[in-house]
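Undergrad: Please find one structure pasted underneath; my questions will follow.
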Amino acid sequence: MEPVESVQPLETTRPSPAVAPLRLDRAVPHLNPVRARAHFLEGENVSPAEVRPPILDSWQRSRFFGVDADRIQAPYNSDFDPHSRLTTAARPVLDRLADVLQGTPMCLILTDSKGRVRERRTGDRALHRHLDDICLAPGFSYAEEYVGTNGIGTAAEDGRTAQVFGSEHFSERLQRVSCAAAPIRNPVSGRVLGLIDLTSWQHTASPLMVALVQEAAADIEERLLDIGSERERAALRAFLTSRQSSRRALVTLTDGLLLADAAATEMLGPADHRRLRELAADPTGLREQRMLLSDGRTVQVRGRRVEGDEPGGTPAAYLIELRLIAERDDSAPPRPAVRMPRLAGISGSSPVFRSAVNQLIRHCEQGRWTLVDGEAGTGKHALVRAVHRHVAHRAPIGVHDAADARGGAASWLQAVFRDLAEDGGTVVLRHLDLLPAQVLGQLDGILRTTAGRSGWVAALLTRDRPALTAADETVPPRHPDPATTLRARFGAEVTVPPLRHRTTDIPSLVACLTGGHGGDHDGVRCTDGALRALSRAQWPGNVRQLEGSLRYAEAHRSGPLIEESDLPPSLLSQAQHPLSAWESTERDLIVQSLLDHGGDKAKAAKALGISRATIYRKITAYGIRMGPDKG
């Protein structure tokens with residue numbers, strides 16, 4: 001930062017001539033944003049000669065987003081981490097600048113990468129009240145899709161410094177202020193982590209605002225680098241210290257780094273790395289548990305947080321220890337590979353899925369009570385029923401869905417008890433994660449009372465796919481973990497892998513699902529392009545989502561085969577973060593427009609009323625992939 005004296009002119013509402021308020025019509029005489037905005041809102045064409053090109057692009061996006069030009073409709077969400085890495089790095093810079101700007105009609109604002117306000121420092125009471133009136137306050141989002149053209153939202157969209165003067169705002173409510181915002185980037189990856197904004201009254205805006213936010217962003221990025229270095233050093237210390245005392249394979253995870261010793265490197269593949277990151281992101285994931293590796297082997301996993309300099313803040317890293325459950329005896333003769341028996345209605349031959357199926361069959365044959373967990377839609381119930389039919393098809397099977405307990409827990413528990421009290425047969429308990437703690441405790445008592453019955457008991461648990469917010473916050477669990485409560489009653493635990501961990505099974509699953517609907521659906525096949533698109537998808541809804549997507553494609557196909565263009569738009573993109581409802585709608589519109597114009601991005605952008613630069617950026621942001629590239 002320059003000395004304080006270099007920004008002293010900002011401390012008066014009547015700046016000296018050297019930093020006089022910027023009048024856009026005087027600086028660039030041919031621009032007339034007031035008239036241009038009026039013509040634009042009336043649906044007339046506006047020439048780039050009448051308004052700055054970045055502003056015109058932003059107006060077009062605002063219209064595409066359906067922003068109300070007369071009202072502010074900024075969504076509010078107060079759930080954010082005040083000790084996040086970004087906030088920790090930015091706070092000293094904000095404090096220093098706030099002291100300099102005290103008493104001036106200026107406001108400093110820190111947002112996350114989505115334009116959600118996290119910190120605000122105002123030097124003028126009147127400006128403070130006005131910013132409250134237009135919802136430019138902590139917790140509110142100033143993304144372009146909600147409030148239209150503004151310094152924060154436009155900088156976030158363009159990925160570079162933006163300045164917006166009063167009459168250039170899309171919303172009438174923002175015309176009284178001017179602002180400049182600069183992105184704050186991760187010094188290592190270059191990813192935008194947040195934005196720093198300076199807002200003033202329109203008549204006191206200064207050309208120094210841009211320079212000031214750019215300098216502030218650079219200062220915050222430098223502090224982010226220091227914090228990152230400290231965290232990496234803490235992660236490395238924990239890794240080296242644990243290597244001296246642990247006999248297990250070791251892995252240390254940070255935001256952008258994975259450290260593994262030789263044993264862990266040999267043991268883990270790329271899919272296993274992703275699974276470990278998911279466990280670390282899940283607040284309950286670091287408990288000791290078993291994990292199925294992509295090669296079919298099972299490991300015992302236990303982990304802990306590596307604290308940074310601020311106890312209770314964002315952890316510097318996660319240290320994870322791995323131990324193979326049943327290592328092979330190299331002195332014994334090699335055993336032939338175990339093939340998965342054919343189960344009616346079940347398809348898949350990947351090692352990770354085959355291992356899960358073989359474990360379930362073995363436990364069913366032995367009558368060993370089994371916890372079966374996995375993400376929603378992985379087919380846990382269908383798989384357990386298929387295993388029962390394969391092993392004990394003549395024995396009865398009773399299925400008790402915990403969702404039914406909402407209508408009366410007592411009657412549901414009585415039905416469970418009656419089935420468990422009868423020897424023989426299989427009892428399946430579904431959706432136990434829905435049970436409140438009190439009912440879960442009562443069920444545990446029933447299981448303890450009926451322990452030792454003959455026949456198989458399978459308890460099915462759904463584990464949501466872990467998700468991270470933009471502030472690197474983990475989403476806390478809403479219910480007690482039933483596996484922790486019930487684990488003592490069950491002698492085995494099997495995880496049904498998510499579809500993204502067994503994408504090699506997708507062709508056989510497609511053949512099974514499209515041939516199993518009956519009627520007009522029989523015999524429908526996918527083209528190679530459609531299969532490639534299906535294999536690239538992330539499948540948060542797993543097999544259930546795959547089945548729904550195939551039904552959608554069958555309903556929309558125009559020929560005998562399912563083409564890539566017949567698939568739901570959501571499958572033709574791979575966004576790097578969970579999409580909001582609006583983002584999903586926007587992505588679907590872009591995909592449909594690209595399909596309508598044969599992949600021609602220029603024509604698709606024109607049809608949507610956005611610039612070609614915008615559609616290219618959106619295609620990259622949403623990871624949209626569609627056949628050959630056309631400009």
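Here's how to read the names in the structure tokens: chain A, B, ... by the order shown, residue numbers from 1 in each chain, ligand numbers from 1 in the order shown.
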As a PyMOL selection string, please: the residues near Arg394 in chain A (cut-off 12 Å, only C-alpha atoms, same-chain neighbours under 6 positions excluded).
TA: chain A and resi 388+424-426
Undergrad: What lies within 12 Å of Val93 in chain A using only C-alpha atoms, ignoring chain neighbours under 3 positions off, as a VMD selection string?
TA: chain A and resid 1 86 to 90 96 to 100 108 to 110 119 121 196 212 to 213 215 to 224
Undergrad: Kindly save the residues from that selection, with N, CA and C atoms included, as a PDB file, in the first residue's frame.
TA:
ATOM      1  N   MET A   1       0.839  -1.212   0.000  1.00  0.00           N
ATOM      2  CA  MET A   1       0.000   0.000   0.000  1.00  0.00           C
ATOM      3  C   MET A   1       0.872   1.259   0.000  1.00  0.00           C
ATOM      4  N   LEU A  86     -10.768 -16.464   3.233  1.00  0.00           N
ATOM      5  CA  LEU A  86     -10.872 -15.171   2.565  1.00  0.00           C
ATOM      6  C   LEU A  86     -11.071 -14.052   3.582  1.00  0.00           C
ATOM      7  N   THR A  87     -12.008 -14.236   4.498  1.00  0.00           N
ATOM      8  CA  THR A  87     -12.292 -13.195   5.489  1.00  0.00           C
ATOM      9  C   THR A  87     -11.096 -12.952   6.390  1.00  0.00           C
ATOM     10  N   THR A  88     -10.419 -14.019   6.783  1.00  0.00           N
ATOM     11  CA  THR A  88      -9.240 -13.881   7.639  1.00  0.00           C
ATOM     12  C   THR A  88      -8.156 -13.077   6.943  1.00  0.00           C
ATOM     13  N   ALA A  89      -7.946 -13.315   5.666  1.00  0.00           N
ATOM     14  CA  ALA A  89      -6.914 -12.592   4.912  1.00  0.00           C
ATOM     15  C   ALA A  89      -7.319 -11.142   4.664  1.00  0.00           C
ATOM     16  N   ALA A  90      -8.626 -10.897   4.451  1.00  0.00           N
ATOM     17  CA  ALA A  90      -9.074  -9.562   4.057  1.00  0.00           C
ATOM     18  C   ALA A  90      -9.251  -8.608   5.227  1.00  0.00           C
ATOM     19  N   ARG A  96      -7.491  -1.378   7.781  1.00  0.00           N
ATOM     20  CA  ARG A  96      -6.582  -0.285   7.456  1.00  0.00           C
ATOM     21  C   ARG A  96      -7.240   0.742   6.540  1.00  0.00           C
ATOM     22  N   LEU A  97      -7.931   0.252   5.502  1.00  0.00           N
ATOM     23  CA  LEU A  97      -8.580   1.181   4.575  1.00  0.00           C
ATOM     24  C   LEU A  97      -9.762   1.885   5.223  1.00  0.00           C
ATOM     25  N   ALA A  98     -10.472   1.183   6.104  1.00  0.00           N
ATOM     26  CA  ALA A  98     -11.609   1.815   6.770  1.00  0.00           C
ATOM     27  C   ALA A  98     -11.149   2.996   7.620  1.00  0.00           C
ATOM     28  N   ASP A  99      -9.985   2.885   8.268  1.00  0.00           N
ATOM     29  CA  ASP A  99      -9.445   4.008   9.043  1.00  0.00           C
ATOM     30  C   ASP A  99      -9.140   5.191   8.129  1.00  0.00           C
ATOM     31  N   VAL A 100      -8.580   4.901   6.952  1.00  0.00           N
ATOM     32  CA  VAL A 100      -8.237   5.967   6.009  1.00  0.00           C
ATOM     33  C   VAL A 100      -9.493   6.669   5.482  1.00  0.00           C
ATOM     34  N   LEU A 108     -16.489   0.336   1.923  1.00  0.00           N
ATOM     35  CA  LEU A 108     -15.713  -0.836   1.514  1.00  0.00           C
ATOM     36  C   LEU A 108     -16.565  -2.084   1.714  1.00  0.00           C
ATOM     37  N   ILE A 109     -16.567  -2.961   0.714  1.00  0.00           N
ATOM     38  CA  ILE A 109     -17.393  -4.166   0.781  1.00  0.00           C
ATOM     39  C   ILE A 109     -16.561  -5.363   0.341  1.00  0.00           C
ATOM     40  N   LEU A 110     -16.645  -6.456   1.092  1.00  0.00           N
ATOM     41  CA  LEU A 110     -16.019  -7.729   0.731  1.00  0.00           C
ATOM     42  C   LEU A 110     -17.132  -8.728   0.425  1.00  0.00           C
ATOM     43  N   GLU A 119     -18.563  -8.635   4.327  1.00  0.00           N
ATOM     44  CA  GLU A 119     -18.120  -7.576   5.252  1.00  0.00           C
ATOM     45  C   GLU A 119     -18.444  -6.238   4.602  1.00  0.00           C
ATOM     46  N   ARG A 121     -17.781  -1.866   5.459  1.00  0.00           N
ATOM     47  CA  ARG A 121     -17.252  -0.790   6.300  1.00  0.00           C
ATOM     48  C   ARG A 121     -17.652   0.545   5.649  1.00  0.00           C
ATOM     49  N   ILE A 196     -13.484  -7.283  -3.818  1.00  0.00           N
ATOM     50  CA  ILE A 196     -13.398  -6.127  -2.951  1.00  0.00           C
ATOM     51  C   ILE A 196     -14.000  -4.955  -3.718  1.00  0.00           C
ATOM     52  N   LEU A 212      -7.629   1.961  -6.079  1.00  0.00           N
ATOM     53  CA  LEU A 212      -7.661   1.579  -4.674  1.00  0.00           C
ATOM     54  C   LEU A 212      -8.134   0.134  -4.494  1.00  0.00           C
ATOM     55  N   VAL A 213      -9.186  -0.273  -5.215  1.00  0.00           N
ATOM     56  CA  VAL A 213      -9.669  -1.654  -5.057  1.00  0.00           C
ATOM     57  C   VAL A 213      -8.678  -2.654  -5.650  1.00  0.00           C
ATOM     58  N   GLU A 215      -5.422  -2.289  -5.674  1.00  0.00           N
ATOM     59  CA  GLU A 215      -4.339  -2.400  -4.702  1.00  0.00           C
ATOM     60  C   GLU A 215      -4.775  -3.211  -3.487  1.00  0.00           C
ATOM     61  N   ALA A 216      -6.027  -2.992  -3.034  1.00  0.00           N
ATOM     62  CA  ALA A 216      -6.544  -3.759  -1.897  1.00  0.00           C
ATOM     63  C   ALA A 216      -6.629  -5.239  -2.234  1.00  0.00           C
ATOM     64  N   ALA A 217      -7.087  -5.568  -3.451  1.00  0.00           N
ATOM     65  CA  ALA A 217      -7.164  -6.971  -3.877  1.00  0.00           C
ATOM     66  C   ALA A 217      -5.780  -7.608  -3.874  1.00  0.00           C
ATOM     67  N   ALA A 218      -4.769  -6.866  -4.353  1.00  0.00           N
ATOM     68  CA  ALA A 218      -3.404  -7.395  -4.369  1.00  0.00           C
ATOM     69  C   ALA A 218      -2.902  -7.648  -2.956  1.00  0.00           C
ATOM     70  N   ASP A 219      -3.225  -6.741  -2.020  1.00  0.00           N
ATOM     71  CA  ASP A 219      -2.813  -6.929  -0.625  1.00  0.00           C
ATOM     72  C   ASP A 219      -3.466  -8.182  -0.025  1.00  0.00           C
ATOM     73  N   ILE A 220      -4.750  -8.371  -0.304  1.00  0.00           N
ATOM     74  CA  ILE A 220      -5.452  -9.548   0.226  1.00  0.00           C
ATOM     75  C   ILE A 220      -4.876 -10.824  -0.382  1.00  0.00           C
ATOM     76  N   GLU A 221      -4.576 -10.804  -1.666  1.00  0.00           N
ATOM     77  CA  GLU A 221      -3.991 -11.981  -2.314  1.00  0.00           C
ATOM     78  C   GLU A 221      -2.633 -12.323  -1.709  1.00  0.00           C
ATOM     79  N   GLU A 222      -1.855 -11.291  -1.354  1.00  0.00           N
ATOM     80  CA  GLU A 222      -0.559 -11.535  -0.720  1.00  0.00           C
ATOM     81  C   GLU A 222      -0.742 -12.191   0.648  1.00  0.00           C
ATOM     82  N   ARG A 223      -1.752 -11.735   1.381  1.00  0.00           N
ATOM     83  CA  ARG A 223      -2.031 -12.347   2.686  1.00  0.00           C
ATOM     84  C   ARG A 223      -2.560 -13.781   2.516  1.00  0.00           C
ATOM     85  N   LEU A 224      -3.345 -14.013   1.471  1.00  0.00           N
ATOM     86  CA  LEU A 224      -3.816 -15.374   1.193  1.00  0.00           C
ATOM     87  C   LEU A 224      -2.639 -16.310   0.941  1.00  0.00           C
TER      88      LEU A 224
END
Undergrad: List the spatial neighbours of range 445-455 of chain A as number ranges by chain - criterion: any atom at most 9 Å away, only C-alpha atoms, same-chain residues fewer than 6 positions off excluded.
TA: A: 364-369, 395, 413, 416-417, 420-427, 486, 489
Undergrad: Give me the residues within 8 Å of range 375-384 of chain A as a PDB file with N, CA and C atoms, in the first residue's frame, counting only C-alpha atoms and dropping any in the same chain fewer than 2 places off.
TA:
ATOM      1  N   ILE A 346     -30.065 -56.605 -11.961  1.00  0.00           N
ATOM      2  CA  ILE A 346     -28.860 -55.911 -11.495  1.00  0.00           C
ATOM      3  C   ILE A 346     -27.788 -56.030 -12.568  1.00  0.00           C
ATOM      4  N   VAL A 357     -21.257 -56.487  -4.233  1.00  0.00           N
ATOM      5  CA  VAL A 357     -22.245 -57.545  -4.440  1.00  0.00           C
ATOM      6  C   VAL A 357     -21.784 -58.851  -3.791  1.00  0.00           C
ATOM      7  N   LEU A 360     -22.244 -58.756  -0.049  1.00  0.00           N
ATOM      8  CA  LEU A 360     -23.633 -58.902   0.358  1.00  0.00           C
ATOM      9  C   LEU A 360     -24.094 -60.353   0.237  1.00  0.00           C
ATOM     10  N   VAL A 372     -26.047 -51.532   5.180  1.00  0.00           N
ATOM     11  CA  VAL A 372     -25.812 -51.248   3.763  1.00  0.00           C
ATOM     12  C   VAL A 372     -26.019 -49.750   3.568  1.00  0.00           C
ATOM     13  N   ASP A 373     -24.939 -49.030   3.261  1.00  0.00           N
ATOM     14  CA  ASP A 373     -25.087 -47.588   3.079  1.00  0.00           C
ATOM     15  C   ASP A 373     -24.655 -47.187   1.677  1.00  0.00           C
ATOM     16  N   ALA A 386     -32.363 -58.380  -4.686  1.00  0.00           N
ATOM     17  CA  ALA A 386     -31.803 -59.317  -5.669  1.00  0.00           C
ATOM     18  C   ALA A 386     -30.904 -60.349  -4.988  1.00  0.00           C
ATOM     19  N   VAL A 387     -30.132 -59.913  -4.006  1.00  0.00           N
ATOM     20  CA  VAL A 387     -29.271 -60.845  -3.262  1.00  0.00           C
ATOM     21  C   VAL A 387     -30.135 -61.852  -2.500  1.00  0.00           C
ATOM     22  N   HIS A 388     -31.203 -61.382  -1.891  1.00  0.00           N
ATOM     23  CA  HIS A 388     -32.107 -62.300  -1.181  1.00  0.00           C
ATOM     24  C   HIS A 388     -32.669 -63.348  -2.140  1.00  0.00           C
ATOM     25  N   ARG A 430     -35.413 -49.971   5.710  1.00  0.00           N
ATOM     26  CA  ARG A 430     -35.014 -48.919   4.758  1.00  0.00           C
ATOM     27  C   ARG A 430     -35.052 -47.532   5.399  1.00  0.00           C
ATOM     28  N   ALA A 458     -30.915 -56.690   6.950  1.00  0.00           N
ATOM     29  CA  ALA A 458     -30.153 -55.644   6.243  1.00  0.00           C
ATOM     30  C   ALA A 458     -30.752 -54.290   6.588  1.00  0.00           C
ATOM     31  N   LEU A 460     -30.664 -50.320   5.746  1.00  0.00           N
ATOM     32  CA  LEU A 460     -30.256 -49.464   4.629  1.00  0.00           C
ATOM     33  C   LEU A 460     -30.188 -48.010   5.076  1.00  0.00           C
ATOM     34  N   THR A 462     -28.977 -43.991   3.892  1.00  0.00           N
ATOM     35  CA  THR A 462     -28.641 -43.095   2.783  1.00  0.00           C
ATOM     36  C   THR A 462     -27.703 -42.020   3.284  1.00  0.00           C
ATOM     37  N   ARG A 463     -26.560 -41.924   2.619  1.00  0.00           N
ATOM     38  CA  ARG A 463     -25.597 -40.864   2.941  1.00  0.00           C
ATOM     39  C   ARG A 463     -25.582 -39.885   1.795  1.00  0.00           C
ATOM     40  N   ASP A 464     -25.885 -38.615   2.104  1.00  0.00           N
ATOM     41  CA  ASP A 464     -25.867 -37.600   1.062  1.00  0.00           C
ATOM     42  C   ASP A 464     -24.463 -37.393   0.577  1.00  0.00           C
ATOM     43  N   ARG A 465     -24.350 -37.045  -0.722  1.00  0.00           N
ATOM     44  CA  ARG A 465     -23.049 -36.706  -1.279  1.00  0.00           C
ATOM     45  C   ARG A 465     -22.558 -35.431  -0.607  1.00  0.00           C
ATOM     46  N   VAL A 496     -22.561 -49.416  -1.026  1.00  0.00           N
ATOM     47  CA  VAL A 496     -22.877 -49.518  -2.459  1.00  0.00           C
ATOM     48  C   VAL A 496     -22.276 -48.289  -3.130  1.00  0.00           C
ATOM     49  N   PRO A 497     -21.361 -48.468  -4.075  1.00  0.00           N
ATOM     50  CA  PRO A 497     -20.639 -47.316  -4.632  1.00  0.00           C
ATOM     51  C   PRO A 497     -21.538 -46.418  -5.470  1.00  0.00           C
ATOM     52  N   PRO A 498     -21.278 -45.118  -5.460  1.00  0.00           N
ATOM     53  CA  PRO A 498     -22.038 -44.207  -6.334  1.00  0.00           C
ATOM     54  C   PRO A 498     -21.698 -44.472  -7.800  1.00  0.00           C
ATOM     55  N   LEU A 499     -22.577 -44.063  -8.688  1.00  0.00           N
ATOM     56  CA  LEU A 499     -22.402 -44.351 -10.111  1.00  0.00           C
ATOM     57  C   LEU A 499     -21.148 -43.692 -10.670  1.00  0.00           C
ATOM     58  N   GLY A 541     -27.549 -38.073  -8.760  1.00  0.00           N
ATOM     59  CA  GLY A 541     -28.698 -38.906  -8.422  1.00  0.00           C
ATOM     60  C   GLY A 541     -28.488 -40.377  -8.692  1.00  0.00           C
ATOM     61  N   ASN A 542     -27.289 -40.747  -9.169  1.00  0.00           N
ATOM     62  CA  ASN A 542     -26.871 -42.135  -9.347  1.00  0.00           C
ATOM     63  C   ASN A 542     -27.762 -42.905 -10.327  1.00  0.00           C
ATOM     64  N   VAL A 543     -27.995 -44.197 -10.068  1.00  0.00           N
ATOM     65  CA  VAL A 543     -28.705 -45.043 -11.027  1.00  0.00           C
ATOM     66  C   VAL A 543     -30.131 -44.553 -11.240  1.00  0.00           C
ATOM     67  N   ARG A 544     -30.754 -44.045 -10.188  1.00  0.00           N
ATOM     68  CA  ARG A 544     -32.116 -43.517 -10.337  1.00  0.00           C
ATOM     69  C   ARG A 544     -32.138 -42.372 -11.336  1.00  0.00           C
ATOM     70  N   GLN A 545     -31.136 -41.494 -11.278  1.00  0.00           N
ATOM     71  CA  GLN A 545     -31.068 -40.385 -12.229  1.00  0.00           C
ATOM     72  C   GLN A 545     -30.793 -40.901 -13.635  1.00  0.00           C
TER      73      GLN A 545
END
Undergrad: Would you work out the distance separating CA of Ala38 in chain A from CA of Ala602 in chain A, expressed in Å to one decimal?
TA: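 We find that CA of Ala38 in chain A and CA of Ala602 in chain A lie 26.4 Å from each other.
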Undergrad: Give me the residues within 7 Å of range 166-174 of chain A as a ChimeraX atom specification, counting only C-alpha atoms and dropping any in the same chain fewer than 2 places off.
TA: /A:33-34,55,59,69-72,134,147-150,164,176-178,202
Undergrad: Could those selected residues go to a file with N, CA, C and O atoms, as a PDB file, in the first residue's frame?
TA:
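Output (result_9.pdb):
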ATOM      1  N   PRO A  33     -25.131   7.335 -21.253  1.00  0.00           N
ATOM      2  CA  PRO A  33     -25.728   6.115 -20.702  1.00  0.00           C
ATOM      3  C   PRO A  33     -27.185   6.282 -20.290  1.00  0.00           C
ATOM      4  O   PRO A  33     -27.945   5.313 -20.319  1.00  0.00           O
ATOM      5  N   VAL A  34     -27.606   7.502 -19.904  1.00  0.00           N
ATOM      6  CA  VAL A  34     -28.998   7.704 -19.505  1.00  0.00           C
ATOM      7  C   VAL A  34     -29.920   7.443 -20.686  1.00  0.00           C
ATOM      8  O   VAL A  34     -30.889   6.667 -20.598  1.00  0.00           O
ATOM      9  N   ILE A  55     -20.491  -2.381 -20.153  1.00  0.00           N
ATOM     10  CA  ILE A  55     -21.794  -2.069 -19.568  1.00  0.00           C
ATOM     11  C   ILE A  55     -22.910  -2.611 -20.458  1.00  0.00           C
ATOM     12  O   ILE A  55     -23.891  -3.191 -19.965  1.00  0.00           O
ATOM     13  N   TRP A  59     -25.817  -5.170 -19.422  1.00  0.00           N
ATOM     14  CA  TRP A  59     -27.254  -4.928 -19.595  1.00  0.00           C
ATOM     15  C   TRP A  59     -27.914  -6.113 -20.292  1.00  0.00           C
ATOM     16  O   TRP A  59     -29.017  -6.532 -19.924  1.00  0.00           O
ATOM     17  N   ALA A  69     -35.928  -3.936 -13.521  1.00  0.00           N
ATOM     18  CA  ALA A  69     -35.184  -2.676 -13.591  1.00  0.00           C
ATOM     19  C   ALA A  69     -35.669  -1.652 -12.577  1.00  0.00           C
ATOM     20  O   ALA A  69     -35.026  -0.610 -12.402  1.00  0.00           O
ATOM     21  N   ASP A  70     -36.781  -1.929 -11.902  1.00  0.00           N
ATOM     22  CA  ASP A  70     -37.343  -0.944 -10.974  1.00  0.00           C
ATOM     23  C   ASP A  70     -37.242  -1.353  -9.519  1.00  0.00           C
ATOM     24  O   ASP A  70     -37.499  -0.540  -8.626  1.00  0.00           O
ATOM     25  N   ARG A  71     -36.911  -2.621  -9.249  1.00  0.00           N
ATOM     26  CA  ARG A  71     -36.871  -3.101  -7.870  1.00  0.00           C
ATOM     27  C   ARG A  71     -35.576  -3.860  -7.602  1.00  0.00           C
ATOM     28  O   ARG A  71     -34.963  -4.389  -8.524  1.00  0.00           O
ATOM     29  N   ILE A  72     -35.172  -3.891  -6.342  1.00  0.00           N
ATOM     30  CA  ILE A  72     -34.032  -4.693  -5.915  1.00  0.00           C
ATOM     31  C   ILE A  72     -34.582  -5.976  -5.293  1.00  0.00           C
ATOM     32  O   ILE A  72     -35.359  -5.922  -4.336  1.00  0.00           O
ATOM     33  N   ILE A 134     -31.036  -0.339  -0.225  1.00  0.00           N
ATOM     34  CA  ILE A 134     -30.909  -1.073  -1.496  1.00  0.00           C
ATOM     35  C   ILE A 134     -30.311  -2.470  -1.277  1.00  0.00           C
ATOM     36  O   ILE A 134     -29.861  -3.118  -2.223  1.00  0.00           O
ATOM     37  N   VAL A 147     -29.585  -8.472  -9.281  1.00  0.00           N
ATOM     38  CA  VAL A 147     -29.761  -7.012  -9.230  1.00  0.00           C
ATOM     39  C   VAL A 147     -29.276  -6.312 -10.495  1.00  0.00           C
ATOM     40  O   VAL A 147     -29.339  -5.096 -10.580  1.00  0.00           O
ATOM     41  N   GLY A 148     -28.806  -7.067 -11.483  1.00  0.00           N
ATOM     42  CA  GLY A 148     -28.381  -6.450 -12.725  1.00  0.00           C
ATOM     43  C   GLY A 148     -26.993  -5.838 -12.634  1.00  0.00           C
ATOM     44  O   GLY A 148     -26.221  -6.119 -11.718  1.00  0.00           O
ATOM     45  N   THR A 149     -26.695  -4.968 -13.571  1.00  0.00           N
ATOM     46  CA  THR A 149     -25.372  -4.358 -13.685  1.00  0.00           C
ATOM     47  C   THR A 149     -24.993  -3.611 -12.409  1.00  0.00           C
ATOM     48  O   THR A 149     -25.709  -2.737 -11.943  1.00  0.00           O
ATOM     49  N   ASN A 150     -23.844  -3.981 -11.828  1.00  0.00           N
ATOM     50  CA  ASN A 150     -23.285  -3.282 -10.675  1.00  0.00           C
ATOM     51  C   ASN A 150     -21.827  -3.700 -10.567  1.00  0.00           C
ATOM     52  O   ASN A 150     -21.411  -4.698 -11.166  1.00  0.00           O
ATOM     53  N   VAL A 164     -18.751   0.894 -12.331  1.00  0.00           N
ATOM     54  CA  VAL A 164     -20.089   1.209 -12.840  1.00  0.00           C
ATOM     55  C   VAL A 164     -20.515   2.526 -12.218  1.00  0.00           C
ATOM     56  O   VAL A 164     -20.581   2.649 -10.988  1.00  0.00           O
ATOM     57  N   ARG A 176     -28.128   6.212  -7.815  1.00  0.00           N
ATOM     58  CA  ARG A 176     -27.540   7.258  -6.962  1.00  0.00           C
ATOM     59  C   ARG A 176     -26.118   6.935  -6.520  1.00  0.00           C
ATOM     60  O   ARG A 176     -25.460   7.778  -5.912  1.00  0.00           O
ATOM     61  N   VAL A 177     -25.644   5.713  -6.771  1.00  0.00           N
ATOM     62  CA  VAL A 177     -24.299   5.350  -6.326  1.00  0.00           C
ATOM     63  C   VAL A 177     -23.433   4.955  -7.523  1.00  0.00           C
ATOM     64  O   VAL A 177     -23.928   4.594  -8.595  1.00  0.00           O
ATOM     65  N   SER A 178     -22.135   5.021  -7.304  1.00  0.00           N
ATOM     66  CA  SER A 178     -21.144   4.518  -8.257  1.00  0.00           C
ATOM     67  C   SER A 178     -20.228   3.563  -7.505  1.00  0.00           C
ATOM     68  O   SER A 178     -20.067   3.679  -6.280  1.00  0.00           O
ATOM     69  N   GLN A 202     -23.006   8.833  -6.340  1.00  0.00           N
ATOM     70  CA  GLN A 202     -22.684   9.019  -7.762  1.00  0.00           C
ATOM     71  C   GLN A 202     -21.929  10.328  -7.988  1.00  0.00           C
ATOM     72  O   GLN A 202     -20.975  10.377  -8.766  1.00  0.00           O
TER      73      GLN A 202
END
Undergrad: So that I can check the surroundings of range 262-273 of chain A, please list as a ChimeraX atom specification every protein, DNA and RNA residue that reaches within 7 Å of it, counting only C-alpha atoms and ignoring chain neighbours fewer than 5 positions away.
TA: /A:249-251,293-294,501
Undergrad: Let me see the file: selected residues, N, CA and C atoms, as a PDB file, in the first residue's frame.
TA:
ATOM      1  N   ALA A 249      -0.832 -46.686   5.995  1.00  0.00           N
ATOM      2  CA  ALA A 249      -0.607 -45.790   4.859  1.00  0.00           C
ATOM      3  C   ALA A 249      -1.168 -44.413   5.213  1.00  0.00           C
ATOM      4  N   LEU A 250      -0.459 -43.370   4.813  1.00  0.00           N
ATOM      5  CA  LEU A 250      -0.819 -42.004   5.224  1.00  0.00           C
ATOM      6  C   LEU A 250      -1.130 -41.134   4.019  1.00  0.00           C
ATOM      7  N   VAL A 251      -2.157 -40.297   4.184  1.00  0.00           N
ATOM      8  CA  VAL A 251      -2.526 -39.291   3.186  1.00  0.00           C
ATOM      9  C   VAL A 251      -2.848 -38.001   3.928  1.00  0.00           C
ATOM     10  N   LEU A 293     -12.213 -49.557  -2.051  1.00  0.00           N
ATOM     11  CA  LEU A 293     -11.357 -48.934  -3.042  1.00  0.00           C
ATOM     12  C   LEU A 293     -11.834 -49.282  -4.451  1.00  0.00           C
ATOM     13  N   SER A 294     -11.356 -48.526  -5.426  1.00  0.00           N
ATOM     14  CA  SER A 294     -11.786 -48.729  -6.807  1.00  0.00           C
ATOM     15  C   SER A 294     -11.330 -50.064  -7.378  1.00  0.00           C
ATOM     16  N   HIS A 501     -18.363 -43.573  -9.424  1.00  0.00           N
ATOM     17  CA  HIS A 501     -17.203 -44.405  -9.100  1.00  0.00           C
ATOM     18  C   HIS A 501     -17.184 -45.710  -9.882  1.00  0.00           C
TER      19      HIS A 501
END
Undergrad: Please report the interatomic distance between CA of Arg551 in chain A and CA of Arg525 in chain A in Å with one decimal.
TA: 12.0 Å
Undergrad: Among the residues of range 47-236 of chain A, find those DSSP assigns to strand (DSSP E or B) from the backbone and print them as an MDAnalysis selection string.
TA: chainID A and resid 76 106:112 116:122 140:141 162:164 177:185 192:201
Undergrad: DSSP says alpha helix (DSSP H) for which residues of range 235-418 of chain A? Put them as a ChimeraX atom specification?
TA: /A:235-245,262-267,270-281,351-366,380-392,409-418
Undergrad: Out of A:Asp68, A:Ser113, A:Glu144, A:Thr252, which residue has the shortest atom-to-atom distance to Leu195 in chain A when counting only C-alpha atoms?
TA: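 Nearest candidate to Leu195 in chain A out of A:Asp68, A:Ser113, A:Glu144, A:Thr252: A:Ser113.
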